[in-house]
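Novice: Below is a structure I'd like to ask you about.
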Amino acid sequence: MRNELYSIARREFAEDLIFEVGETPVTLSIKGLLLARVENEGYNFSFFEITETETVLAVQMKGFIVYIAIESDEELDEEEYAEVGKTLLEHLTPKIALLMTRAEKLYDGKADILLDDGMSPELKEFFYSLLLRHRQGRSPYEQTEVA
């Protein structure tokens, strides 16, 4: 049954997206996808900046988090980032919902990387760290101590 989830990831997410930011076209390439089960059934999303041109979008719903590794062909400033983020979420939300709906029925694991399409070493390190944290039942967020 995991094969169906891998198939959905390849079919729905392995793509390049072209957005116009102002007058400039920006290409975003989806390089990876990680599916993880979580205790919380709530809805949430966040962005993790990995490098100047690499970002991970995390979307939580239906007891899962989907992490999507995205590589941009150029660095975006804060104003552009907000515009592209909104458009990206509008485009990807139906695909994420499809994946999570199928995962509810088919997936019994804790976390798996469903797509690895030439991720950079930095993205791979981030994804494998997330994968280990989820499989060990730890929070995906770094814990820091008060100085």
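Ordering of the structure tokens sets the chain letters (A, B, ...); residue numbers start at 1 within each chain; ligands are numbered from 1 in the order shown.
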Could you pull out the residues in range 35-104 of chain A that DSSP calls strand (DSSP E) from the backbone, as an NGL selection string?
Specialist: :A and (35-37 or 44-49 or 54-61 or 64-72)
Novice: May I have the residues within 8 Å of Phe19 in chain A as a ChimeraX atom specification, using only C-alpha atoms and disregarding those fewer than 4 positions away in the same chain?
Specialist: /A:25-28,84
Novice: I need the residue nearest Ile113 in chain A from this list: A:Lys86, A:Lys31, A:His91, A:Arg138. Use only C-alpha atoms for the distance.
Specialist: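 Comparing A:Lys86, A:Lys31, A:His91, A:Arg138 against Ile113 in chain A, the winner is A:Lys31.
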Novice: Between A:Leu131, A:Ile18, A:Leu106, A:Ala111, which residue has the minimum interatomic distance to Phe64 in chain A, considering only C-alpha atoms?
Specialist: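 Closest to Phe64 in chain A, using only C-alpha atoms: A:Ala111.
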Novice: Point out the residue among A:Lys95, A:Lys105, A:Lys62, A:Arg37 with the least atom-to-atom distance to Arg133 in chain A, counting only C-alpha atoms.
Specialist: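 Answer, going by the shortest atom-to-atom distance: A:Arg37.
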Novice: Between A:Glu23, A:Glu54, A:Glu15, A:Glu39, which one has atoms that come closest to Met119 in chain A, using only C-alpha atoms?
Specialist: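 Under the stated criterion, the closest residue is A:Glu54.
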Novice: Smallest atom-to-atom distance to Leu76 in chain A: which of A:Glu104, A:Ala36, A:Val59, A:Gly22, using only C-alpha atoms?
Specialist: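 Closest to Leu76 in chain A of all the choices is A:Gly22.
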Novice: Using only C-alpha atoms, which residue out of A:Ala9, A:Tyr43, A:Met100, A:Leu17 lies closest to Gln60 in chain A?
Specialist: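 Of A:Ala9, A:Tyr43, A:Met100, A:Leu17, the one nearest Gln60 in chain A is A:Tyr43, counting only C-alpha atoms.
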Novice: Check the DSSP output for the backbone and give back, as number ranges by chain, the residues of chain A in alpha helix (DSSP H).
Specialist: A: 2-13, 78-106, 121-135
Novice: To one decimal in Å, tell me the separation between CA of Asp73 in chain A and CA of Leu88 in chain A.
Specialist: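 A separation of 15.0 Å between them.
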Novice: CA of Tyr67 in chain A and CA of Asn40 in chain A, how far apart in Å?
Specialist: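 Between CA of Asn40 in chain A and CA of Tyr67 in chain A the gap works out to 15.6 Å.
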Novice: Rounded to one decimal, what separation in Å do you get between CA of Tyr128 in chain A and CA of Leu34 in chain A?
Specialist: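 The value is 9.3 Å.
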Novice: Determine, counting only C-alpha atoms, which protein, DNA and RNA residues have an atom within 12 Å of an atom of Leu89 in chain A; residues of the same chain fewer than 2 positions away are not included. Present the result as a list in words.
Specialist: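 The residues that qualify are Leu17, Asn44, Phe45, Ser46, Phe47, Leu57, Ala58, Val59, Ile68, Tyr81, Ala82, Glu83, Val84, Gly85, Lys86, Thr87, His91, Leu92, Thr93, Pro94, Lys95, Ile96 and Ala97 of chain A.
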